[in-house]
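J.: I have a structure I would like to understand better, so I am pasting it below and will then ask my questions one at a time.
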Protein chains: 2
Amino acid sequence: MTTNHCPPLSSRHFTIEEVVLDGAIERFVRGGRHLFPRLADALEGIEEIGVLGWGSQGRAQALNLRDALAGTDIRVTVGLRAGSASREDARRCGFIAADGSLGELSDVAGRADLVLFLVSDAAQVELHGEVFARMKRGATLGLSHGFLISHLANAGEGLPAGVNVVGVCPKGMGLSVRRLFEQGTTKDGAGINVSVAVEQDADGRAADVALAWAIGLGAPFVFTTTMEAEFRSDLFGERGVLLGAVHGLAESAYRRLRDQGVGADEAFARSAAAITGPIAQTISRSGIEGLVAAILPAEAASFECAYAATYQPCRRVLEEIYDEVVSGRELAGVIDAGKRLERWPMPPIERTSMWRVGAERRARGLNDGELDPVTVGAFVATMIAQIDVLRERGHSWSEIANESVIEAVDSLLPYMRARGIAYMVDSCSTTARLGARRWGPIFEAAYTREAFAAVDDGAAPPAARSLESHPIHGVLTALRDFRPSVDIAVA
Amino acid sequence: MTTNHCPPLSSRHFTIEEVVLDGAIERFVRGGRHLFPRLADALEGIEEIGVLGWGSQGRAQALNLRDALAGTDIRVTVGLRAGSASREDARRCGFIAADGSLGELSDVAGRADLVLFLVSDAAQVELHGEVFARMKRGATLGLSHGFLISHLANAGEGLPAGVNVVGVCPKGMGLSVRRLFEQGTTKDGAGINVSVAVEQDADGRAADVALAWAIGLGAPFVFTTTMEAEFRSDLFGERGVLLGAVHGLAESAYRRLRDQGVGADEAFARSAAAITGPIAQTISRSGIEGLVAAILPAEAASFECAYAATYQPCRRVLEEIYDEVVSGRELAGVIDAGKRLERWPMPPIERTSMWRVGAERRARGLNDGELDPVTVGAFVATMIAQIDVLRERGHSWSEIANESVIEAVDSLLPYMRARGIAYMVDSCSTTARLGARRWGPIFEAAYTREAFAAVDDGAAPPAARSLESHPIHGVLTALRDFRPSVDIAVA
C-alpha cells in the first residue's frame, strides 16, 4: 500500500538539494527565472517541444515554455486535432499554421523531440496509440499527471520503447500556472510548485529534460515523485480537500447557519467566504498553525469542538477515496462516466440559492469572509485528515503539503473567491470535475449528518491527536522558504 | 449489457404459468399455503435443510420453513459460527443444540441436504471455501442473492462440482419475510414475492427444490431470473429508489420546505411522511397511475413540473449506479468498505433535526403524511427512471416491478414509517447499508442542486416521455392479481 516516495534523481545542469521534513530527507530543485538561460543546455538535442492539446494545462504550458525559451533555438509548437474548437484561441495566442507553430496533432507528435501529451484524460485514452506510434525514437514523452500510466497498467498495455517518459505535474490548475508565471516577471518566487517523475529513461537524460521543463513552467520548487504516487495523490486530493470536500463543507456550513436563523449574507460570509478568504489567506501566509492562532480565545472551544467532531467522519470518507483510487476503480469509473456524458451532460453545481447569494455579494463588492470558528475547525480537520491519510499511505511530505495545502490556498481557492464554486471546479480536468461531483455530496452528508450534528448536540468526541504537535506545521514552514505566499491575481 | 431474463424452468410438482407483461411472456409460479402439503414431495431426498446464519434473512427463512414443513419428516436446522452473538435468539426461537436443530456452521453445512448459505456478504466471502468443501455430493446450495456468484466470478473461482446451486431471493427484507408469513395465516396472499434462479443443476431436480423453498417462505408470486440479473437489479435497486434515493429525496424535500418557511411538522408531513404514508399506500393499492390520479387538479402543474425536473438528474445517477454494479466495481468497493468498518464504524444517518422531528411526531401519534405534489412528482420520476434503466438493460418486468415498486411500498417503506429512516436502512444487509450511505447523498445533491432548483426557478424541462402511457401501469395491474396489497403490520 505504500508508495515509493522521493526516488533518487540526478542532474548535470541543476542543483539537487535536500531538505529535512519531519526527520526525513527529501530531494528537490529550486526553480527561478535566473535558471532560464540554462534551459537550452539541459534540453540539448531538443529542437521542438510539441504541446498536444489546448486545455487549461496545454495553453498555460505552451505559453510559459515559449516565454521561458525566448531567444533560444528551441521552438514551442502546438498540435490540435482536426476541427478542434481551441484552434482560434491558440491562433490569438500566436500559435499559427503559417510558421509551423500550430499543426495537426499527429504531425506534431511525429516531429517534436519533446512531446507534451496534454489532451484531456478521455482523449489520452483515445489517442495514445496513435501518438506512441508517431513518436520519433529518442524523443521524450511528457505527461502532466499519472492518469495515462495508470490506465495503461489497468489495460495491460505498455509504454512505447526507445523513448523517455517523464512526468512534470504542476500542483495547481492551468489558469494558475499561467497567471503566476505572469506575476513572476515582477514578483520573485511566484509560480506553481511542480512534481517530477522519471518513468522511463532511454538515454540517461530524462531527468534533465523533466527538470528543465518544470523550471521553464516557472515552478519555484520542484520535488521528486513517481507517476504512481502522483496519480494517487492527485485524484485523491482533488476529490478531497481541494475540490470535493471544500464544496461539501461550504454547502453544509452555510445550511447550518441558515438553520440557526443567521441571515443569508452573514451565513455566506461565515461559510464559503470564510474558506476562500481569511482561512485560505492565513494558511498561505502563516500555515495551519497561524490559522489556529488567529482564532479568538472566546471562540477556541467552538473551534476545538468542530475539529474533533469532523476529523473522524472526513477521515473515513478520505480512506474510502484512497481505496477507490488505489484499486483502479475510481479511474475506471471516470472512464465510464466520460462515456455517459454524451447522453447525460455534466450537471450544474451552482444553481442553489446559496451560490446566488455569493454572486450577489461579489457583484456588490462584498467579498470578505468572517473567521467562523466552526467552519475553521471543520476545514482544518478535513485538511489534517487528508494529510494523515497520505502520510500513512507513504507519500512524501513535499507531495502531501502541495496536494493538501499549498494547491488549495494558493491556486484553487482564489478562483472560488473571485468567481464561485463552479468556476473553480469546472476550470479543472474532466476527471476532477466528475470526482468533485461524486464525492462532494458524500462529504456534505458527513458534515451535516455527523460532524455538525455532533457539534450541535454537544457530543463531539475528544480529538484523536494533538493538532499543535502535528508535523505538518514544520513542513509548511520549511516549504515557505522556497515558495513565498503570493496572492494570485485572478484575471 | 442485456441480461438473459426469464429463463425457462420446468417442474414436476408445481404449475408454471405464463403472463403477458407489456407484450412479452414471462413465467411464474403462484404460491400459497394450499401448496405446503406438496413441499415434501418436491423436496424428496432432502431430510435436513440447514440454514447457515441468523441475520434478518436467516432468521426469517428458518422460521418460515420450519412452520411450512411442520408435520413432514424434513428437519430445519440452524448452523452458526462458534461464539455467534445470534445463538441466544436462535435458542429463544426453538433452535437448540439438544435436539440437533442448532449446530456449528460447518457441521450443519456438511450434514444438510439443502444448505441455505445466508450469512452476511462479508462472511460469505470468508467462509464459502469451507462450506463448499464440507457439502455432501448431491446436496443443494441455496443463496438468497447473487452476491457470492458475482464475487466468485470476479475472483476467478468456481462453484463446487456435483451439487445443485439455486437462488431463492425474497424481494423484501427479512423482517417483512417473517412478518407477512405470519399475517398470511389469516390473510390470503400475504407474503413477499420471490425470484428463483437455477445456477447449476447437477441432478435435474434443482428447479423443484428452489420452487419448494420459495413457496415454503410464503411467496405468493415466484418468478424466474438468473443470478446475474438478480445481483444487478438487487444492488442497483437498493442503492436507488428502495433505500438510497428515498433517503436523499426525504432530506432534500424537507430542506426545501423548511427553506420556504414551512414549519418543521408540516415539512416532515409533506416530505418523509408523504412518501411512507399516502405515496406508498396509494401505489400499493392502485399503482403509480392511482397515485397520479390522486393529485388534485389545482396541484397537477406542480406535480408535472417536479416530475419533469427530476427525471433526468435521477436517471443520470441511476445509470451511473448500474454501470458501477455491472462492472464489478460496486461489489469490490463494498468488500473494501467492509474491511474499513473495523477501523471506521458505519456512520449514523439519523442524527439531524429532521429525523428528530419525525421521531417526536411518531411519539405524539402523528404519523400521517400529506400528498405534496412536488414530493410526489420527484418520487414518481425517480421510480420511473429506475424502471426505465432496468428495462433498457434487459431485466424482466417481474423483476423490475418487484425491485422498483412492490418491494418499496410493501416491504421497506412501512418500516421507515413506523420507525424512521435508520431502522429501514439498517435492517437491511451490510451491502445495502453501505450502498445507501454512498448513493443517498448523491441523490440528495441531484434533487437539491438540480431538480428542486429547476422547480423553484421555473426552468423544468418538458417531460421526456408521457407518464400516462408507461407500460409499468399495465404490469402493476397484472401483478396485483397474484399478490394483493397487504398492509404489513410492523411488530
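The chains in the C-alpha cells are called A, B, ... from first to last as shown; in each chain the residues are counted from 1, and the ligands are counted from 1 in the order shown.
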Return as JSON lines the residues of chain B lying at most 8 Å from chain A, together with the closest atom-to-atom pair for each and the distance in Å to one decimal, counting only C-alpha atoms, with rows in chain order and ascending residue number.
T.:
{"residue": "B:Gln312", "atom": "CA", "partner": "A:Trp344", "partner_atom": "CA", "distance": 7.7}
{"residue": "B:Pro313", "atom": "CA", "partner": "A:Pro347", "partner_atom": "CA", "distance": 7.7}
{"residue": "B:Arg316", "atom": "CA", "partner": "A:Trp344", "partner_atom": "CA", "distance": 6.0}
{"residue": "B:Glu320", "atom": "CA", "partner": "A:Ala337", "partner_atom": "CA", "distance": 7.1}
{"residue": "B:Asp323", "atom": "CA", "partner": "A:Asp336", "partner_atom": "CA", "distance": 7.5}
{"residue": "B:Glu324", "atom": "CA", "partner": "A:Gly333", "partner_atom": "CA", "distance": 7.1}
{"residue": "B:Arg329", "atom": "CA", "partner": "A:Arg329", "partner_atom": "CA", "distance": 6.0}
{"residue": "B:Gly333", "atom": "CA", "partner": "A:Glu324", "partner_atom": "CA", "distance": 7.0}
{"residue": "B:Asp336", "atom": "CA", "partner": "A:Asp323", "partner_atom": "CA", "distance": 7.5}
{"residue": "B:Ala337", "atom": "CA", "partner": "A:Glu320", "partner_atom": "CA", "distance": 7.1}
{"residue": "B:Trp344", "atom": "CA", "partner": "A:Arg316", "partner_atom": "CA", "distance": 6.0}
{"residue": "B:Pro347", "atom": "CA", "partner": "A:Glu450", "partner_atom": "CA", "distance": 7.5}
{"residue": "B:Pro348", "atom": "CA", "partner": "A:Glu450", "partner_atom": "CA", "distance": 6.9}
{"residue": "B:Ile349", "atom": "CA", "partner": "A:Arg449", "partner_atom": "CA", "distance": 6.1}
{"residue": "B:Glu350", "atom": "CA", "partner": "A:Arg449", "partner_atom": "CA", "distance": 7.1}
{"residue": "B:Arg351", "atom": "CA", "partner": "A:Arg449", "partner_atom": "CA", "distance": 5.9}
{"residue": "B:Thr352", "atom": "CA", "partner": "A:Arg449", "partner_atom": "CA", "distance": 5.7}
{"residue": "B:Arg438", "atom": "CA", "partner": "A:Ile442", "partner_atom": "CA", "distance": 6.7}
{"residue": "B:Pro441", "atom": "CA", "partner": "A:Pro441", "partner_atom": "CA", "distance": 5.3}
{"residue": "B:Ile442", "atom": "CA", "partner": "A:Pro441", "partner_atom": "CA", "distance": 5.5}
{"residue": "B:Glu444", "atom": "CA", "partner": "A:Pro441", "partner_atom": "CA", "distance": 7.7}
{"residue": "B:Ala445", "atom": "CA", "partner": "A:Pro441", "partner_atom": "CA", "distance": 6.0}
{"residue": "B:Thr448", "atom": "CA", "partner": "A:Thr352", "partner_atom": "CA", "distance": 7.3}
{"residue": "B:Arg449", "atom": "CA", "partner": "A:Thr352", "partner_atom": "CA", "distance": 5.7}
{"residue": "B:Glu450", "atom": "CA", "partner": "A:Pro348", "partner_atom": "CA", "distance": 7.0}
{"residue": "B:Ala453", "atom": "CA", "partner": "A:Thr352", "partner_atom": "CA", "distance": 5.9}
J.: Using backbone DSSP assignments, extract all alpha helix (DSSP H) residues from stretch 398-445 of chain B; output them as a ChimeraX atom specification.
T.: /B:398-401,407,413-419,421-426,430-445
J.: Leaving out A:Leu143 and any residue of its chain fewer than 3 positions from it, which residues lie within 9 Å of it when counting only C-alpha atoms, given as a PyMOL selection string?
T.: chain A and resi 115-118+146-148+165-169
J.: Determine, counting only C-alpha atoms, which protein, DNA and RNA residues have an atom within 12 Å of an atom of A:Gly290; residues of the same chain fewer than 4 positions away are not included. Present the result as a VMD selection string.
T.: chain A and resid 278 to 286 294 to 295 376 380 468 473 to 474 476 to 477
J.: Between B:Ala212, B:Val486, B:Ile335, B:Met135, which residue has the minimum interatomic distance to B:Arg38, considering only C-alpha atoms?
T.: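 Counting only C-alpha atoms, the residue closest to B:Arg38 is B:Ala212.
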J.: Give me the residues near B:Cys305 as number ranges by chain, where near means some atom within 7 Å (using only C-alpha atoms) and where sequence neighbours in that chain fewer than 4 positions away do not count.
T.: B: 301, 309, 455, 460
J.: Please produce a file of those selected residues containing N, CA and C atoms, as a PDB file, in the first residue's frame.
T.:
ATOM      1  N   ALA B 301     -50.087  20.955 -11.976  1.00  0.00           N
ATOM      2  CA  ALA B 301     -48.953  21.626 -12.617  1.00  0.00           C
ATOM      3  C   ALA B 301     -47.680  21.461 -11.780  1.00  0.00           C
ATOM      4  N   ALA B 309     -38.606  17.888 -13.856  1.00  0.00           N
ATOM      5  CA  ALA B 309     -37.307  18.392 -13.390  1.00  0.00           C
ATOM      6  C   ALA B 309     -36.460  17.295 -12.753  1.00  0.00           C
ATOM      7  N   VAL B 455     -37.315  23.392 -10.333  1.00  0.00           N
ATOM      8  CA  VAL B 455     -38.712  23.635  -9.946  1.00  0.00           C
ATOM      9  C   VAL B 455     -38.865  25.072  -9.447  1.00  0.00           C
ATOM     10  N   ALA B 460     -37.996  23.888 -15.298  1.00  0.00           N
ATOM     11  CA  ALA B 460     -38.090  22.446 -15.533  1.00  0.00           C
ATOM     12  C   ALA B 460     -38.258  22.172 -17.022  1.00  0.00           C
TER      13      ALA B 460
END
J.: Neighbouring residues of stretch 193-197 of chain A were defined as those with any atom within 7 Å, considering only C-alpha atoms; residues of the same chain fewer than 2 positions away were excluded. Please report them as a VMD selection string.
T.: chain A and resid 166 to 171 191 199 210 214 219 to 227
J.: Between atom CA of A:Val357 and atom CA of A:Met424, what is the distance in Å, rounded to a tenth?
T.: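 One can read the atom CA of A:Val357 to atom CA of A:Met424 distance as 16.9 Å.
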J.: Do you know which residues are at most 8 Å from B:Arg59 counting only C-alpha atoms, after dropping those on the same chain fewer than 6 positions away, and could you put them as a PDB file with C-alpha atoms, in the first residue's frame?
T.:
ATOM      1  CA  GLY B  53     -26.538 -17.657   9.572  1.00  0.00           C
ATOM      2  CA  ALA B  90     -31.988 -18.728  17.800  1.00  0.00           C
ATOM      3  CA  GLY B 174     -36.026 -10.422   6.278  1.00  0.00           C
TER       4      GLY B 174
END
